[in-house]
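J.: My questions all concern the structure below.
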Amino acid sequence: MSVVTALEEDEPTSFSERLRESMEGFETFLRVKKSLSSKTVSQHVTMAKAFLQDVETLAPTDVHVMKFREEMIDEGYSNSHINNTQNAIEYYFEHAGRMDELGNYSSLPRHCGDPEPLSEEELEMFVTNTTKLRDEALVLFLSSSGVRASAAVNLEFRDVDLDEKTAEITEAKGHTEYTAIFSDECAEVLERYRNVRNADADDPVFESRTGNRLTRNGLLQVIKRIGDRAGIENVYTHRFRASFANRIQRNGGDIYQIKELMGHRDIRSTVRYLKMDKDELREEHENLLNSISSNSGN
C-alpha cells in the first residue's frame, strides 16, 4: 500500500492535518532517500504542498498535474519555477510509489518570452490547411474561444451549446470555471462534425483517430502538423490564446472583459497576453472608473 493511500484510508483528521503529516514523510524521503540538501528539500516540500493544496487531494492524478502545469504557464510563472515545481511533483509521486501513473513532461527552456499571437493571415492559413473536419473545428474553436488546450480536450458535447455558441469550461475538480464563447463559423463546423459522428451528449467533442478522447499531447501534434503544412514556425497552443486576446483588444474590448473571456483569475495574466505596460494598464483602469462614475451620475 502506498504512503498516500494509507493516509487517505485512515483519514484521522482534517485535510490540512493529513497534508502536514504527508509533507513530514515527504521531507524525510527527500533528505534520507534522495540525499538532497536542506535548501532543496525545503523548496520541494513547499512546491509539492502548494500543488496538493490547489488540487485538494493527497492522491493527485496525471490530469491534476497537467492542469496545474498549464495554469502555471498561463498565469505567467517563470519556466524555472515551473520546472522546479514539476521536479517536486515527480518526487512526490515517487515517494507515493506511483511514478508509473505520471506522464512524461519535458523541461521548459530557461528563457522563454510571452505567448506570441498568430497574425490574422496565419490564422487563416491554419484553417485553409486543415484536411479533416475535426481539425477545422479544432482550429476554429481554439482561435475564436481562447480556451486552453487542456480544457478543449476535456469538453463533451453536453458542455457545448451550438445555438448560443458557448462552452462551459470546467476544472479538473469538476466545477464550472467560466463560460467560453466561440464564433458562428466554429458553431457551424462543430455541428457538421457532431452530425458526421452521430455523437451523443457524453461523447468528447474532439476525438482521436482511434475514437477515443483526443489528449492534450495529441492536440498539440495535430496543431503542429497543420502548422507545418501552412509553413508556420514555432507553433504551440498558447499562441491561439494570445491571438484571441489581441483580437478582442483590437476590436474595442477592455482588459477586464478579456480577463473574463479567457477565464483568468489574476489580471496580471491578461496583461502578459496583451503585452501591456503599467502605464497602459493604469489608463485602462482609469477609463473604467470614469465610465462607472459617468453611468452612476445619470
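Order determines the names: the first chain of the C-alpha cells is A, the second B, and so forth; residues in each chain are numbered 1 upward, and ligands are numbered 1 upward as they are shown.
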From a backbone DSSP assignment, name each residue in range 26-253 of chain A labelled helix (DSSP H, G or I), as a VMD selection string.

T.: chain A and resid 26 to 33 38 to 55 62 to 74 79 to 95 99 to 101 120 to 128 133 to 145 149 to 154 157 to 159 184 to 197 216 to 230 238 to 250

J.: Near Asn83 in chain A, counting only C-alpha atoms, which residues have an atom at most 12 Å away, once you skip same-chain residues fewer than 3 positions from it, shown as an NGL selection string?

T.: :A and (44 or 47 or 69-70 or 72-73 or 77-80 or 86-90 or 105-111)

J.: For the selection you just gave me, I'd like the residues written to a file as a JSON list (two decimals), in the first residue's frame, keeping N, CA and C atoms.

T.:
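Produced file part31.json, reproduced below:
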[["chain", "number", "residue", "atom", "x", "y", "z"],
["A", 44, "HIS", "N", 11.35, 21.80, -2.42],
["A", 44, "HIS", "CA", 10.46, 20.77, -2.97],
["A", 44, "HIS", "C", 9.23, 20.56, -2.08],
["A", 47, "MET", "N", 6.81, 23.49, -2.74],
["A", 47, "MET", "CA", 6.15, 23.42, -4.04],
["A", 47, "MET", "C", 5.16, 22.27, -4.11],
["A", 69, "ARG", "N", 0.12, 22.39, -14.23],
["A", 69, "ARG", "CA", 1.25, 22.86, -15.02],
["A", 69, "ARG", "C", 0.81, 23.91, -16.04],
["A", 70, "GLU", "N", -0.31, 23.64, -16.70],
["A", 70, "GLU", "CA", -0.78, 24.59, -17.71],
["A", 70, "GLU", "C", -1.22, 25.90, -17.06],
["A", 72, "MET", "N", 0.07, 27.21, -14.38],
["A", 72, "MET", "CA", 1.29, 27.95, -14.05],
["A", 72, "MET", "C", 1.82, 28.68, -15.28],
["A", 73, "ILE", "N", 1.80, 28.00, -16.44],
["A", 73, "ILE", "CA", 2.24, 28.63, -17.68],
["A", 73, "ILE", "C", 1.34, 29.81, -18.00],
["A", 77, "TYR", "N", 4.09, 32.25, -14.52],
["A", 77, "TYR", "CA", 5.23, 31.84, -13.72],
["A", 77, "TYR", "C", 6.44, 31.60, -14.64],
["A", 78, "SER", "N", 7.63, 31.82, -14.10],
["A", 78, "SER", "CA", 8.83, 31.62, -14.90],
["A", 78, "SER", "C", 9.00, 30.14, -15.23],
["A", 79, "ASN", "N", 9.68, 29.87, -16.35],
["A", 79, "ASN", "CA", 9.93, 28.49, -16.73],
["A", 79, "ASN", "C", 10.76, 27.76, -15.67],
["A", 80, "SER", "N", 11.65, 28.49, -15.02],
["A", 80, "SER", "CA", 12.47, 27.89, -13.97],
["A", 80, "SER", "C", 11.58, 27.43, -12.81],
["A", 86, "GLN", "N", 7.63, 20.98, -11.19],
["A", 86, "GLN", "CA", 7.44, 19.66, -11.80],
["A", 86, "GLN", "C", 8.36, 18.63, -11.16],
["A", 87, "ASN", "N", 9.59, 19.02, -10.86],
["A", 87, "ASN", "CA", 10.52, 18.11, -10.19],
["A", 87, "ASN", "C", 9.98, 17.70, -8.82],
["A", 88, "ALA", "N", 9.43, 18.68, -8.08],
["A", 88, "ALA", "CA", 8.88, 18.39, -6.75],
["A", 88, "ALA", "C", 7.70, 17.42, -6.86],
["A", 89, "ILE", "N", 6.84, 17.64, -7.86],
["A", 89, "ILE", "CA", 5.68, 16.76, -8.05],
["A", 89, "ILE", "C", 6.14, 15.35, -8.40],
["A", 90, "GLU", "N", 7.15, 15.23, -9.24],
["A", 90, "GLU", "CA", 7.66, 13.91, -9.61],
["A", 90, "GLU", "C", 8.25, 13.19, -8.40],
["A", 105, "TYR", "N", 6.89, 14.73, -18.87],
["A", 105, "TYR", "CA", 6.83, 16.17, -19.08],
["A", 105, "TYR", "C", 8.23, 16.70, -19.37],
["A", 106, "SER", "N", 8.38, 17.36, -20.50],
["A", 106, "SER", "CA", 9.67, 17.92, -20.88],
["A", 106, "SER", "C", 9.93, 19.20, -20.09],
["A", 107, "SER", "N", 11.19, 19.45, -19.78],
["A", 107, "SER", "CA", 11.55, 20.69, -19.10],
["A", 107, "SER", "C", 11.37, 21.85, -20.07],
["A", 108, "LEU", "N", 10.87, 22.96, -19.56],
["A", 108, "LEU", "CA", 10.72, 24.16, -20.38],
["A", 108, "LEU", "C", 12.07, 24.86, -20.49],
["A", 109, "PRO", "N", 12.34, 25.53, -21.60],
["A", 109, "PRO", "CA", 13.60, 26.27, -21.73],
["A", 109, "PRO", "C", 13.70, 27.35, -20.68],
["A", 110, "ARG", "N", 14.91, 27.62, -20.23],
["A", 110, "ARG", "CA", 15.11, 28.58, -19.14],
["A", 110, "ARG", "C", 14.66, 29.98, -19.51],
["A", 111, "HIS", "N", 14.81, 30.33, -20.77],
["A", 111, "HIS", "CA", 14.42, 31.68, -21.20],
["A", 111, "HIS", "C", 13.37, 31.56, -22.30]]

J.: Give me the residues near Leu140 in chain A as a list in words, where near means some atom within 8 Å (using only C-alpha atoms) and where sequence neighbours in that chain fewer than 2 positions away do not count.

T.: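 Once the nearby chain positions are removed, what remains is Val127, Glu136, Ala137, Leu138, Leu142, Ser143, Ser144, Ser183, Glu185 and Cys186 of chain A.
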
J.: Take the residues that were just selected and, keeping all heavy atoms, output them as a PDB file, in the first residue's frame.

T.:
ATOM      1  N   VAL A 127      -6.622  27.481 -40.936  1.00  0.00           N
ATOM      2  CA  VAL A 127      -7.930  26.956 -41.322  1.00  0.00           C
ATOM      3  C   VAL A 127      -7.870  26.317 -42.712  1.00  0.00           C
ATOM      4  O   VAL A 127      -8.375  25.209 -42.930  1.00  0.00           O
ATOM      5  CB  VAL A 127      -8.998  28.064 -41.290  1.00  0.00           C
ATOM      6  CG1 VAL A 127     -10.338  27.536 -41.814  1.00  0.00           C
ATOM      7  CG2 VAL A 127      -9.169  28.602 -39.874  1.00  0.00           C
ATOM      8  N   GLU A 136     -10.471  21.232 -38.590  1.00  0.00           N
ATOM      9  CA  GLU A 136     -11.029  22.552 -38.873  1.00  0.00           C
ATOM     10  C   GLU A 136     -11.813  23.053 -37.663  1.00  0.00           C
ATOM     11  O   GLU A 136     -11.685  24.221 -37.257  1.00  0.00           O
ATOM     12  CB  GLU A 136     -11.939  22.497 -40.098  1.00  0.00           C
ATOM     13  CG  GLU A 136     -12.490  23.863 -40.494  1.00  0.00           C
ATOM     14  CD  GLU A 136     -13.408  23.812 -41.706  1.00  0.00           C
ATOM     15  OE1 GLU A 136     -13.658  22.701 -42.221  1.00  0.00           O
ATOM     16  OE2 GLU A 136     -13.881  24.886 -42.130  1.00  0.00           O
ATOM     17  N   ALA A 137     -12.627  22.156 -37.069  1.00  0.00           N
ATOM     18  CA  ALA A 137     -13.392  22.538 -35.879  1.00  0.00           C
ATOM     19  C   ALA A 137     -12.459  22.905 -34.732  1.00  0.00           C
ATOM     20  O   ALA A 137     -12.705  23.873 -33.998  1.00  0.00           O
ATOM     21  CB  ALA A 137     -14.304  21.383 -35.463  1.00  0.00           C
ATOM     22  N   LEU A 138     -11.373  22.156 -34.583  1.00  0.00           N
ATOM     23  CA  LEU A 138     -10.419  22.396 -33.502  1.00  0.00           C
ATOM     24  C   LEU A 138      -9.739  23.755 -33.642  1.00  0.00           C
ATOM     25  O   LEU A 138      -9.660  24.532 -32.681  1.00  0.00           O
ATOM     26  CB  LEU A 138      -9.377  21.280 -33.482  1.00  0.00           C
ATOM     27  CG  LEU A 138      -8.291  21.351 -32.410  1.00  0.00           C
ATOM     28  CD1 LEU A 138      -8.904  21.334 -31.020  1.00  0.00           C
ATOM     29  CD2 LEU A 138      -7.310  20.188 -32.583  1.00  0.00           C
ATOM     30  N   LEU A 142     -10.241  26.864 -30.985  1.00  0.00           N
ATOM     31  CA  LEU A 142      -9.130  27.449 -30.228  1.00  0.00           C
ATOM     32  C   LEU A 142      -8.969  28.935 -30.527  1.00  0.00           C
ATOM     33  O   LEU A 142      -8.746  29.744 -29.623  1.00  0.00           O
ATOM     34  CB  LEU A 142      -7.827  26.712 -30.550  1.00  0.00           C
ATOM     35  CG  LEU A 142      -7.702  25.272 -30.059  1.00  0.00           C
ATOM     36  CD1 LEU A 142      -6.395  24.667 -30.551  1.00  0.00           C
ATOM     37  CD2 LEU A 142      -7.789  25.187 -28.536  1.00  0.00           C
ATOM     38  N   SER A 143      -9.092  29.289 -31.802  1.00  0.00           N
ATOM     39  CA  SER A 143      -8.828  30.679 -32.191  1.00  0.00           C
ATOM     40  C   SER A 143      -9.972  31.621 -31.846  1.00  0.00           C
ATOM     41  O   SER A 143      -9.757  32.804 -31.565  1.00  0.00           O
ATOM     42  CB  SER A 143      -8.519  30.763 -33.688  1.00  0.00           C
ATOM     43  OG  SER A 143      -9.607  30.287 -34.469  1.00  0.00           O
ATOM     44  N   SER A 144     -11.214  31.118 -31.849  1.00  0.00           N
ATOM     45  CA  SER A 144     -12.343  32.019 -31.605  1.00  0.00           C
ATOM     46  C   SER A 144     -12.812  32.027 -30.154  1.00  0.00           C
ATOM     47  O   SER A 144     -13.544  32.928 -29.739  1.00  0.00           O
ATOM     48  CB  SER A 144     -13.528  31.665 -32.513  1.00  0.00           C
ATOM     49  OG  SER A 144     -14.110  30.429 -32.148  1.00  0.00           O
ATOM     50  N   SER A 183     -17.187  31.418 -32.277  1.00  0.00           N
ATOM     51  CA  SER A 183     -17.738  32.121 -33.439  1.00  0.00           C
ATOM     52  C   SER A 183     -18.865  31.351 -34.126  1.00  0.00           C
ATOM     53  O   SER A 183     -19.037  30.136 -33.942  1.00  0.00           O
ATOM     54  CB  SER A 183     -16.630  32.384 -34.451  1.00  0.00           C
ATOM     55  OG  SER A 183     -16.167  31.153 -35.000  1.00  0.00           O
ATOM     56  N   GLU A 185     -18.934  30.686 -37.318  1.00  0.00           N
ATOM     57  CA  GLU A 185     -18.280  29.737 -38.219  1.00  0.00           C
ATOM     58  C   GLU A 185     -17.887  28.473 -37.472  1.00  0.00           C
ATOM     59  O   GLU A 185     -18.077  27.356 -37.961  1.00  0.00           O
ATOM     60  CB  GLU A 185     -17.046  30.374 -38.857  1.00  0.00           C
ATOM     61  CG  GLU A 185     -16.349  29.471 -39.860  1.00  0.00           C
ATOM     62  CD  GLU A 185     -15.093  30.096 -40.448  1.00  0.00           C
ATOM     63  OE1 GLU A 185     -14.661  31.152 -39.928  1.00  0.00           O
ATOM     64  OE2 GLU A 185     -14.543  29.525 -41.407  1.00  0.00           O
ATOM     65  N   CYS A 186     -17.353  28.642 -36.265  1.00  0.00           N
ATOM     66  CA  CYS A 186     -16.976  27.496 -35.445  1.00  0.00           C
ATOM     67  C   CYS A 186     -18.200  26.649 -35.111  1.00  0.00           C
ATOM     68  O   CYS A 186     -18.149  25.420 -35.177  1.00  0.00           O
ATOM     69  CB  CYS A 186     -16.283  27.973 -34.167  1.00  0.00           C
ATOM     70  SG  CYS A 186     -15.829  26.653 -33.039  1.00  0.00           S
TER      71      CYS A 186
END

J.: Find the residues around Gly218 in chain A up to 12 Å (only C-alpha atoms counted), leave out those fewer than 3 positions away in its own chain, and share them as a ChimeraX atom specification.

T.: /A:135,138,149-150,152-153,206-210,212-215,221-225,237

J.: What's around range 187-196 of chain A at 8 Å? Count only C-alpha atoms, leave out sequence neighbours fewer than 5 positions away in its own chain, and write the answer as a PyMOL selection string.

T.: chain A and resi 133-134+136-137+162-163+165+182+205

J.: Could you turn the residues from that selection into a file that holds all heavy atoms, as a PDB file, in the first residue's frame?

T.:
ATOM      1  N   LEU A 133     -12.405  17.426 -40.962  1.00  0.00           N
ATOM      2  CA  LEU A 133     -13.440  18.247 -40.342  1.00  0.00           C
ATOM      3  C   LEU A 133     -13.113  18.488 -38.865  1.00  0.00           C
ATOM      4  O   LEU A 133     -13.317  19.589 -38.351  1.00  0.00           O
ATOM      5  CB  LEU A 133     -14.798  17.561 -40.488  1.00  0.00           C
ATOM      6  CG  LEU A 133     -16.042  18.401 -40.185  1.00  0.00           C
ATOM      7  CD1 LEU A 133     -16.093  19.645 -41.056  1.00  0.00           C
ATOM      8  CD2 LEU A 133     -17.300  17.554 -40.377  1.00  0.00           C
ATOM      9  N   ARG A 134     -12.596  17.452 -38.185  1.00  0.00           N
ATOM     10  CA  ARG A 134     -12.221  17.619 -36.778  1.00  0.00           C
ATOM     11  C   ARG A 134     -11.172  18.701 -36.607  1.00  0.00           C
ATOM     12  O   ARG A 134     -11.265  19.548 -35.707  1.00  0.00           O
ATOM     13  CB  ARG A 134     -11.664  16.313 -36.215  1.00  0.00           C
ATOM     14  CG  ARG A 134     -11.211  16.418 -34.748  1.00  0.00           C
ATOM     15  CD  ARG A 134     -10.175  15.387 -34.379  1.00  0.00           C
ATOM     16  NE  ARG A 134      -8.924  15.569 -35.117  1.00  0.00           N
ATOM     17  CZ  ARG A 134      -7.887  14.741 -35.014  1.00  0.00           C
ATOM     18  NH1 ARG A 134      -7.961  13.673 -34.234  1.00  0.00           N
ATOM     19  NH2 ARG A 134      -6.781  14.973 -35.713  1.00  0.00           N
ATOM     20  N   GLU A 136     -10.471  21.232 -38.590  1.00  0.00           N
ATOM     21  CA  GLU A 136     -11.029  22.552 -38.873  1.00  0.00           C
ATOM     22  C   GLU A 136     -11.813  23.053 -37.663  1.00  0.00           C
ATOM     23  O   GLU A 136     -11.685  24.221 -37.257  1.00  0.00           O
ATOM     24  CB  GLU A 136     -11.939  22.497 -40.098  1.00  0.00           C
ATOM     25  CG  GLU A 136     -12.490  23.863 -40.494  1.00  0.00           C
ATOM     26  CD  GLU A 136     -13.408  23.812 -41.706  1.00  0.00           C
ATOM     27  OE1 GLU A 136     -13.658  22.701 -42.221  1.00  0.00           O
ATOM     28  OE2 GLU A 136     -13.881  24.886 -42.130  1.00  0.00           O
ATOM     29  N   ALA A 137     -12.627  22.156 -37.069  1.00  0.00           N
ATOM     30  CA  ALA A 137     -13.392  22.538 -35.879  1.00  0.00           C
ATOM     31  C   ALA A 137     -12.459  22.905 -34.732  1.00  0.00           C
ATOM     32  O   ALA A 137     -12.705  23.873 -33.998  1.00  0.00           O
ATOM     33  CB  ALA A 137     -14.304  21.383 -35.463  1.00  0.00           C
ATOM     34  N   LEU A 162     -24.554  24.868 -29.162  1.00  0.00           N
ATOM     35  CA  LEU A 162     -24.259  25.351 -30.502  1.00  0.00           C
ATOM     36  C   LEU A 162     -25.175  26.496 -30.918  1.00  0.00           C
ATOM     37  O   LEU A 162     -24.798  27.315 -31.761  1.00  0.00           O
ATOM     38  CB  LEU A 162     -24.370  24.197 -31.506  1.00  0.00           C
ATOM     39  CG  LEU A 162     -23.304  23.102 -31.364  1.00  0.00           C
ATOM     40  CD1 LEU A 162     -23.573  21.963 -32.334  1.00  0.00           C
ATOM     41  CD2 LEU A 162     -21.914  23.675 -31.590  1.00  0.00           C
ATOM     42  N   ASP A 163     -26.347  26.581 -30.320  1.00  0.00           N
ATOM     43  CA  ASP A 163     -27.245  27.688 -30.627  1.00  0.00           C
ATOM     44  C   ASP A 163     -26.740  28.986 -30.004  1.00  0.00           C
ATOM     45  O   ASP A 163     -26.727  30.041 -30.648  1.00  0.00           O
ATOM     46  CB  ASP A 163     -28.662  27.383 -30.138  1.00  0.00           C
ATOM     47  CG  ASP A 163     -29.312  26.245 -30.910  1.00  0.00           C
ATOM     48  OD1 ASP A 163     -29.019  26.120 -32.117  1.00  0.00           O
ATOM     49  OD2 ASP A 163     -30.090  25.482 -30.307  1.00  0.00           O
ATOM     50  N   LYS A 165     -23.694  29.316 -28.932  1.00  0.00           N
ATOM     51  CA  LYS A 165     -22.247  29.391 -29.249  1.00  0.00           C
ATOM     52  C   LYS A 165     -21.422  29.605 -27.976  1.00  0.00           C
ATOM     53  O   LYS A 165     -20.584  30.496 -27.885  1.00  0.00           O
ATOM     54  CB  LYS A 165     -21.962  30.478 -30.287  1.00  0.00           C
ATOM     55  CG  LYS A 165     -22.639  30.202 -31.631  1.00  0.00           C
ATOM     56  CD  LYS A 165     -22.450  31.330 -32.602  1.00  0.00           C
ATOM     57  CE  LYS A 165     -23.383  32.476 -32.312  1.00  0.00           C
ATOM     58  NZ  LYS A 165     -24.807  32.150 -32.511  1.00  0.00           N
ATOM     59  N   PHE A 182     -17.690  31.111 -28.677  1.00  0.00           N
ATOM     60  CA  PHE A 182     -16.993  30.876 -29.929  1.00  0.00           C
ATOM     61  C   PHE A 182     -17.785  31.440 -31.100  1.00  0.00           C
ATOM     62  O   PHE A 182     -18.930  31.889 -30.948  1.00  0.00           O
ATOM     63  CB  PHE A 182     -16.684  29.382 -30.132  1.00  0.00           C
ATOM     64  CG  PHE A 182     -17.841  28.451 -29.898  1.00  0.00           C
ATOM     65  CD1 PHE A 182     -18.724  28.147 -30.917  1.00  0.00           C
ATOM     66  CD2 PHE A 182     -18.035  27.873 -28.650  1.00  0.00           C
ATOM     67  CE1 PHE A 182     -19.781  27.287 -30.720  1.00  0.00           C
ATOM     68  CE2 PHE A 182     -19.093  27.007 -28.428  1.00  0.00           C
ATOM     69  CZ  PHE A 182     -19.975  26.703 -29.458  1.00  0.00           C
ATOM     70  N   VAL A 205     -15.903  16.127 -27.453  1.00  0.00           N
ATOM     71  CA  VAL A 205     -16.050  16.964 -28.641  1.00  0.00           C
ATOM     72  C   VAL A 205     -14.967  16.631 -29.655  1.00  0.00           C
ATOM     73  O   VAL A 205     -15.241  16.508 -30.853  1.00  0.00           O
ATOM     74  CB  VAL A 205     -16.001  18.464 -28.260  1.00  0.00           C
ATOM     75  CG1 VAL A 205     -16.003  19.334 -29.521  1.00  0.00           C
ATOM     76  CG2 VAL A 205     -17.188  18.822 -27.375  1.00  0.00           C
TER      77      VAL A 205
END

J.: Between A:Leu30, A:Leu102, A:Ile181, A:Val45, which one has atoms that come closest to His64 in chain A, using only C-alpha atoms?

T.: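 Closest to His64 in chain A of all the choices is A:Leu102.
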
J.: Might you pull out every residue within 12 Å of range 259-262 of chain A, with only C-alpha atoms counted and same-chain residues fewer than 2 positions away left off, and present them as an NGL selection string?

T.: :A and (74-75 or 142-148 or 151 or 166-169 or 177-182 or 238 or 240-246 or 248-249 or 253-257 or 264-274)

J.: Please extract the residues of range 130-248 of chain A with a backbone DSSP assignment of strand (DSSP E) and present them as a PyMOL selection string.

T.: chain A and resi 160-161+166-170+176-181

J.: Quick check, in Å to one decimal: how far apart do CA of Lys49 in chain A and CA of Thr85 in chain A lie?

T.: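 Value for the CA of Lys49 in chain A-CA of Thr85 in chain A distance: 10.1 Å.
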
J.: Of the candidates A:Pro117, A:Gly97, A:Pro204, A:Gly227, which one gets nearest to Leu155 in chain A if we count only C-alpha atoms?

T.: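 Smallest separation from Leu155 in chain A among the options: A:Pro204.
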
J.: Measure the distance from CA of Phe68 in chain A to CA of Phe51 in chain A in Å and round it to one decimal.

T.: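 Straight-line distance from CA of Phe68 in chain A to CA of Phe51 in chain A works out to 7.4 Å.
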